[in-house]
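Asks: Provided herewith: data_22.cif, mmCIF, C-alpha atoms.
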```cif
data_upload
loop_
_atom_site.group_PDB
_atom_site.id
_atom_site.type_symbol
_atom_site.label_atom_id
_atom_site.label_comp_id
_atom_site.auth_asym_id
_atom_site.auth_seq_id
_atom_site.Cartn_x
_atom_site.Cartn_y
_atom_site.Cartn_z
ATOM 1 C CA MET I 84 0.000 0.000 0.000
ATOM 2 C CA LYS I 85 1.162 3.506 -0.841
ATOM 3 C CA GLU I 86 2.498 5.670 1.973
ATOM 4 C CA VAL I 87 0.053 8.375 3.014
ATOM 5 C CA ILE I 88 1.563 11.719 3.987
ATOM 6 C CA LEU I 89 -0.388 13.595 6.657
ATOM 7 C CA THR I 90 0.034 16.759 8.649
ATOM 8 C CA PRO I 91 -0.431 16.352 12.421
ATOM 9 C CA GLU I 92 -3.878 17.970 12.062
ATOM 10 C CA GLY I 93 -4.801 15.570 9.259
ATOM 11 C CA TYR I 94 -3.716 12.584 11.358
ATOM 12 C CA GLU I 95 -5.900 13.693 14.277
ATOM 13 C CA LYS I 96 -8.846 14.377 11.949
ATOM 14 C CA LEU I 97 -8.515 10.878 10.465
ATOM 15 C CA LYS I 98 -8.422 9.289 13.933
ATOM 16 C CA LYS I 99 -11.539 11.245 14.930
ATOM 17 C CA GLU I 100 -13.374 10.208 11.748
ATOM 18 C CA ILE I 101 -12.609 6.530 12.426
ATOM 19 C CA GLU I 102 -13.818 6.917 16.006
ATOM 20 C CA VAL I 103 -17.128 8.463 14.877
ATOM 21 C CA LEU I 104 -17.684 5.736 12.287
ATOM 22 C CA GLN I 105 -16.866 2.962 14.772
ATOM 23 C CA THR I 106 -19.157 4.304 17.477
ATOM 24 C CA GLU I 107 -21.980 6.579 16.352
ATOM 25 C CA ARG I 108 -22.410 5.316 12.779
ATOM 26 C CA ARG I 109 -22.167 1.628 13.763
ATOM 27 C CA ARG I 110 -24.879 2.187 16.393
ATOM 28 C CA GLU I 111 -27.106 3.961 13.857
ATOM 29 C CA VAL I 112 -26.754 1.167 11.310
ATOM 30 C CA ALA I 113 -27.305 -1.537 13.944
ATOM 31 C CA GLU I 114 -30.501 0.237 14.980
ATOM 32 C CA ARG I 115 -31.666 0.351 11.344
ATOM 33 C CA ILE I 116 -31.039 -3.398 11.058
ATOM 34 C CA ARG I 117 -32.923 -4.058 14.315
ATOM 35 C CA ILE I 118 -35.932 -2.028 13.152
ATOM 36 C CA ALA I 119 -35.898 -3.654 9.699
ATOM 37 C CA ARG I 120 -35.970 -7.140 11.290
ATOM 38 C CA GLU I 121 -39.218 -6.201 13.006
ATOM 39 C CA PHE I 122 -40.883 -5.789 9.601
ATOM 40 C CA GLY I 123 -41.058 -9.569 9.268
ATOM 41 C CA ASP I 124 -39.497 -12.066 6.871
ATOM 42 C CA ILE I 125 -35.962 -10.862 6.113
ATOM 43 C CA ALA I 126 -35.879 -12.852 2.856
ATOM 44 C CA GLU I 127 -38.192 -10.289 1.218
ATOM 45 C CA ASN I 128 -37.358 -7.239 3.305
ATOM 46 C CA ALA I 129 -35.923 -4.331 1.292
ATOM 47 C CA GLU I 130 -35.280 -2.221 4.403
ATOM 48 C CA TYR I 131 -33.226 -5.038 5.923
ATOM 49 C CA ASP I 132 -31.235 -5.541 2.710
ATOM 50 C CA ASP I 133 -30.588 -1.798 2.484
ATOM 51 C CA ALA I 134 -29.438 -1.615 6.110
ATOM 52 C CA LYS I 135 -27.136 -4.640 5.670
ATOM 53 C CA ASN I 136 -25.641 -3.045 2.532
ATOM 54 C CA GLU I 137 -25.070 0.170 4.456
ATOM 55 C CA GLN I 138 -23.372 -1.844 7.203
ATOM 56 C CA ALA I 139 -21.055 -3.509 4.664
ATOM 57 C CA MET I 140 -20.147 -0.132 3.116
ATOM 58 C CA LEU I 141 -19.521 1.353 6.569
ATOM 59 C CA GLU I 142 -17.196 -1.508 7.544
ATOM 60 C CA HIS I 143 -15.355 -1.157 4.223
ATOM 61 C CA LYS I 144 -14.893 2.586 4.826
ATOM 62 C CA ILE I 145 -13.614 1.948 8.367
ATOM 63 C CA ASN I 146 -11.127 -0.622 7.045
ATOM 64 C CA GLN I 147 -9.912 1.795 4.356
ATOM 65 C CA LEU I 148 -9.381 4.590 6.873
ATOM 66 C CA GLU I 149 -7.631 2.266 9.339
ATOM 67 C CA ASP I 150 -5.299 1.100 6.539
ATOM 68 C CA ARG I 151 -4.598 4.739 5.668
ATOM 69 C CA LEU I 152 -3.786 5.436 9.317
ATOM 70 C CA LEU I 153 -1.434 2.434 9.474
ATOM 71 C CA THR I 154 0.507 3.563 6.399
ATOM 72 C CA ALA I 155 0.505 7.232 7.350
ATOM 73 C CA ARG I 156 3.678 9.232 7.757
ATOM 74 C CA VAL I 157 3.077 12.341 9.797
ATOM 75 C CA ILE I 158 5.121 15.363 8.742
ATOM 76 C CA THR I 159 6.796 17.055 11.684
ATOM 77 C CA LYS I 160 7.494 20.799 11.963
ATOM 78 C CA LYS I 161 11.229 20.037 11.585
ATOM 79 C CA GLU I 162 10.602 18.450 8.176
ATOM 80 C CA ILE I 163 8.860 21.543 6.784
ATOM 81 C CA SER I 164 11.334 23.650 4.856
ATOM 82 C CA LYS I 165 11.115 27.433 4.715
ATOM 83 C CA ASP I 166 13.489 27.536 1.745
ATOM 84 C CA THR I 167 11.760 25.137 -0.635
ATOM 85 C CA VAL I 168 8.147 24.055 -1.134
ATOM 86 C CA SER I 169 7.395 20.857 0.781
ATOM 87 C CA VAL I 170 4.417 19.082 2.331
ATOM 88 C CA GLY I 171 3.234 21.085 5.318
ATOM 89 C CA ALA I 172 4.402 24.441 3.968
ATOM 90 C CA ARG I 173 2.175 27.444 3.339
ATOM 91 C CA VAL I 174 2.914 28.818 -0.113
ATOM 92 C CA THR I 175 1.817 32.029 -1.787
ATOM 93 C CA ILE I 176 1.869 31.796 -5.579
ATOM 94 C CA ARG I 177 0.878 34.286 -8.246
ATOM 95 C CA ASP I 178 -0.814 33.453 -11.531
ATOM 96 C CA ILE I 179 1.355 35.639 -13.770
ATOM 97 C CA ALA I 180 -1.185 36.105 -16.585
ATOM 98 C CA ALA I 181 -4.222 36.685 -14.350
ATOM 99 C CA ARG I 182 -2.188 38.717 -11.844
ATOM 100 C CA LYS I 183 -3.882 36.965 -8.923
ATOM 101 C CA SER I 184 -2.192 35.574 -5.843
ATOM 102 C CA PHE I 185 -3.250 32.475 -3.936
ATOM 103 C CA GLU I 186 -2.095 31.026 -0.636
ATOM 104 C CA TYR I 187 -2.158 27.259 -0.246
ATOM 105 C CA ARG I 188 -1.115 24.798 2.388
ATOM 106 C CA ILE I 189 0.658 21.882 0.735
ATOM 107 C CA VAL I 190 -0.712 18.598 2.083
ATOM 108 C CA GLY I 191 -0.713 14.920 1.149
ATOM 109 C CA SER I 192 -3.429 13.716 -1.227
ATOM 110 C CA ALA I 193 -5.515 12.293 1.638
ATOM 111 C CA GLU I 194 -5.985 15.790 3.107
ATOM 112 C CA ALA I 195 -6.432 17.812 -0.086
ATOM 113 C CA ASN I 196 -9.386 20.194 0.023
ATOM 114 C CA PRO I 197 -9.491 23.125 -2.404
ATOM 115 C CA ALA I 198 -12.308 24.774 -0.414
ATOM 116 C CA GLU I 199 -9.898 25.046 2.549
ATOM 117 C CA ASN I 200 -6.949 26.038 0.308
ATOM 118 C CA LYS I 201 -5.269 22.686 0.990
ATOM 119 C CA LEU I 202 -3.423 21.692 -2.169
ATOM 120 C CA SER I 203 -2.221 18.129 -2.732
ATOM 121 C CA ASN I 204 1.447 17.547 -3.384
ATOM 122 C CA GLU I 205 0.256 15.185 -6.146
ATOM 123 C CA SER I 206 -1.982 17.707 -7.951
ATOM 124 C CA PRO I 207 -0.625 19.320 -11.132
ATOM 125 C CA VAL I 208 0.165 22.629 -9.376
ATOM 126 C CA GLY I 209 1.426 20.823 -6.276
ATOM 127 C CA LYS I 210 3.795 18.645 -8.315
ATOM 128 C CA ALA I 211 5.068 21.659 -10.241
ATOM 129 C CA ILE I 212 5.953 23.716 -7.159
ATOM 130 C CA MET I 213 7.341 20.933 -4.925
ATOM 131 C CA GLY I 214 11.016 21.552 -4.213
ATOM 132 C CA LYS I 215 10.976 25.026 -5.788
ATOM 133 C CA LYS I 216 12.222 28.196 -4.075
ATOM 134 C CA LYS I 217 10.873 31.677 -3.524
ATOM 135 C CA GLY I 218 11.056 33.599 -6.814
ATOM 136 C CA ASP I 219 10.939 30.489 -9.008
ATOM 137 C CA VAL I 220 8.477 30.441 -11.910
ATOM 138 C CA VAL I 221 6.766 27.163 -12.801
ATOM 139 C CA GLU I 222 4.565 26.230 -15.721
ATOM 140 C CA VAL I 223 1.558 23.967 -15.218
ATOM 141 C CA ALA I 224 -0.321 22.281 -18.062
ATOM 142 C CA ALA I 225 -4.046 22.993 -17.877
ATOM 143 C CA PRO I 226 -6.984 22.259 -20.204
ATOM 144 C CA ARG I 227 -7.058 25.883 -21.382
ATOM 145 C CA GLY I 228 -3.285 25.970 -21.883
ATOM 146 C CA ALA I 229 -0.173 26.340 -19.776
ATOM 147 C CA ILE I 230 -0.375 28.559 -16.699
ATOM 148 C CA LYS I 231 2.702 30.193 -15.197
ATOM 149 C CA PHE I 232 2.969 30.691 -11.458
ATOM 150 C CA LYS I 233 5.599 32.596 -9.509
ATOM 151 C CA ILE I 234 6.345 31.505 -5.953
ATOM 152 C CA LEU I 235 6.096 34.622 -3.791
ATOM 153 C CA GLU I 236 6.462 33.218 -0.284
ATOM 154 C CA ILE I 237 7.102 29.962 1.574
ATOM 155 C CA LYS I 238 6.248 29.617 5.271
ATOM 156 C CA ALA I 239 6.244 26.709 7.661
ATOM 157 C CA ALA I 240 2.587 26.112 8.469
#
```
What is this file in C-alpha cells?
Replies:
Amino acid sequence: MKEVILTPEGYEKLKKEIEVLQTERRREVAERIRIAREFGDIAENAEYDDAKNEQAMLEHKINQLEDRLLTARVITKKEISKDTVSVGARVTIRDIAARKSFEYRIVGSAEANPAENKLSNESPVGKAIMGKKKGDVVEVAAPRGAIKFKILEIKAA
C-alpha cells in the first residue's frame, strides 16, 4: 500500500473520523437493522437488505481509513522547509497572466481540500511547485493551456 503523507492535524482528523464511524455510525446502522428485522421475513425485506448493505459499506470505509492510518507518515514541523516548497508548507503563488495571488497549504493527497486552500502535493500545481524556491516560476499544463505561477512566499505552516 502507498504511503500516506499527513500533517499532524490531518492525522488527528482521520483518527476522529474513524472513532465516529466505529461508534456513532455503527450504532445507527445496527438500529436500522434491528428495526428492519421487526418488519417480518428478512428474505423479502428491502429495508433489511438496504441496512445490511449500508453496514457492509460502513465496515469497508472503516477498514480503508484504518489502513490509511497504518501507512501514514506524519510530517513534523522540523521536516517543513522554509526555503523550498514541501508538504506542510504554506505557499503564496501568483498566476502571472491573471495577476492573482493564492495562498495554499501543501498537504498529502488524503488531506487535499481546495475549499480550505489545501493543495495536494500530487496535484498538477502541487507537483510543479514541490522543491521550488521563492522567486521560481513554474509552468503547469491545464486544459485551457499552460499557466505560469511565480512563488512569492514559503512559510512553515
Asks: May I have the residues within 10 Å of Gly214 (chain I) as number ranges by chain, using all atoms listed in the file and disregarding those fewer than 6 positions away in the same chain?
Replies: I: 164, 166-170
Asks: Go ahead and compute the interatomic distance for CA of Val87 (chain I) and CA of Asp219 (chain I), in Å to one decimal.
Replies: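 Computed distance, CA of Val87 (chain I) to CA of Asp219 (chain I), equals 27.4 Å.
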Asks: Using all atoms listed in the file, can you tell me which of I:Glu205, I:Glu86, I:Glu162, I:Asp132 comes closest to Asp150 (chain I)?
Replies: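 Closest to Asp150 (chain I) of all the choices is I:Glu86.
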Asks: Calculated over only C-alpha atoms, which of the candidates I:Gly228, I:Glu111, I:Gly171, I:Leu235 has the smallest distance to Ala195 (chain I)?
Replies: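 Answer, going by the shortest atom-to-atom distance: I:Gly171.
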Asks: Just to confirm, what's the straight-line distance from CA of Ile237 (chain I) to CA of Lys161 (chain I) in Å (one decimal)?
Replies: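 Going from CA of Ile237 (chain I) over to CA of Lys161 (chain I), I get 14.7 Å.
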Asks: What does the structure give for the distance between CA of Gly191 (chain I) and CA of Lys98 (chain I), in Å to one decimal?
Replies: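 So the two atoms, CA of Gly191 (chain I) and CA of Lys98 (chain I), lie 16.0 Å apart.
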Asks: Identify, on the basis of all atoms listed in the file, every residue whose closest approach to Ala240 (chain I) does not exceed 12 Å; exclude the query and any residue fewer than 2 positions from it along the same chain; express the result as a list in words.
Replies: Thr90, Pro91, Glu92, Ile158, Thr159, Lys160, Lys161, Glu162, Ile163, Ser164, Lys165, Val168, Ser169, Val170, Gly171, Ala172, Arg173, Val174, Thr175, Glu186, Tyr187, Arg188, Ile189, Val190, Lys201, Glu236, Ile237 and Lys238 of chain I
Asks: Taking 6 positions as the minimum chain separation for residues in the same chain, which residues sit within 12 Å of Ala225 (chain I) when counting only C-alpha atoms? Answer as a list in words.
Replies: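 Result of the neighbour search: Ser206, Pro207, Val208, Ala211 and Lys231 of chain I.
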Asks: Find the axis-aligned box for region 91-105 of chain I, covering all its listed atoms and adding 3 Å on each side, and write its centre and edge lengths in Å to one decimal as lines of an AutoDock Vina configuration file.
Replies:
```
center_x = -9.1
center_y = 10.5
center_z = 12.6
size_x = 23.3
size_y = 21.0
size_z = 12.7
```
Asks: Find the spatial neighbours of Ala119 (chain I), counting only C-alpha atoms, within a cut-off of 8 Å - ignore same-chain residues fewer than 5 positions away - and output them as a short mmCIF file (atom, residue, chain, number, x, y, z; two decimals) with C-alpha atoms, in the coordinates of the input.
Replies:
```cif
data_model
loop_
_atom_site.label_atom_id
_atom_site.label_comp_id
_atom_site.auth_asym_id
_atom_site.auth_seq_id
_atom_site.Cartn_x
_atom_site.Cartn_y
_atom_site.Cartn_z
CA ASN I 128 -37.36 -7.24 3.30
CA GLU I 130 -35.28 -2.22 4.40
CA TYR I 131 -33.23 -5.04 5.92
CA ALA I 134 -29.44 -1.62 6.11
#
```
Asks: Env of Val112 (chain I): 10 Å cut, atoms = all atoms listed in the file, seq-sep filter 5 positions within chain, self excluded. Answer as a list in words.
Replies: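 The residues that qualify are Glu107, Arg117, Ile118, Ala134, Lys135, Asn136, Glu137, Gln138, Ala139 and Leu141 of chain I.
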Asks: Output C-alpha atoms of each residue in that selection to a file, as a compact mmCIF listing (two decimals), in the coordinates of the input.
Replies:
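Ended up saving to selection-v4.txt:
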```txt
# COMPACT_ATOMS: atom_id res chain seq x y z
CA GLU I 107 -21.98 6.58 16.35
CA ARG I 117 -32.92 -4.06 14.32
CA ILE I 118 -35.93 -2.03 13.15
CA ALA I 134 -29.44 -1.62 6.11
CA LYS I 135 -27.14 -4.64 5.67
CA ASN I 136 -25.64 -3.04 2.53
CA GLU I 137 -25.07 0.17 4.46
CA GLN I 138 -23.37 -1.84 7.20
CA ALA I 139 -21.06 -3.51 4.66
CA LEU I 141 -19.52 1.35 6.57
```
Asks: Closest to Arg109 (chain I) among I:Ala126, I:Leu89, I:Met140, I:Leu97, using all atoms listed in the file?
Replies: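 So, comparing all the options, the nearest one is I:Met140.
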Asks: Determine the nearest neighbour of Ala193 (chain I) from the options I:Ile101, I:Arg151, I:Ala224, I:Glu127, counting only C-alpha atoms.
Replies: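 Of the candidates, the smallest distance to Ala193 (chain I) is held by I:Arg151.
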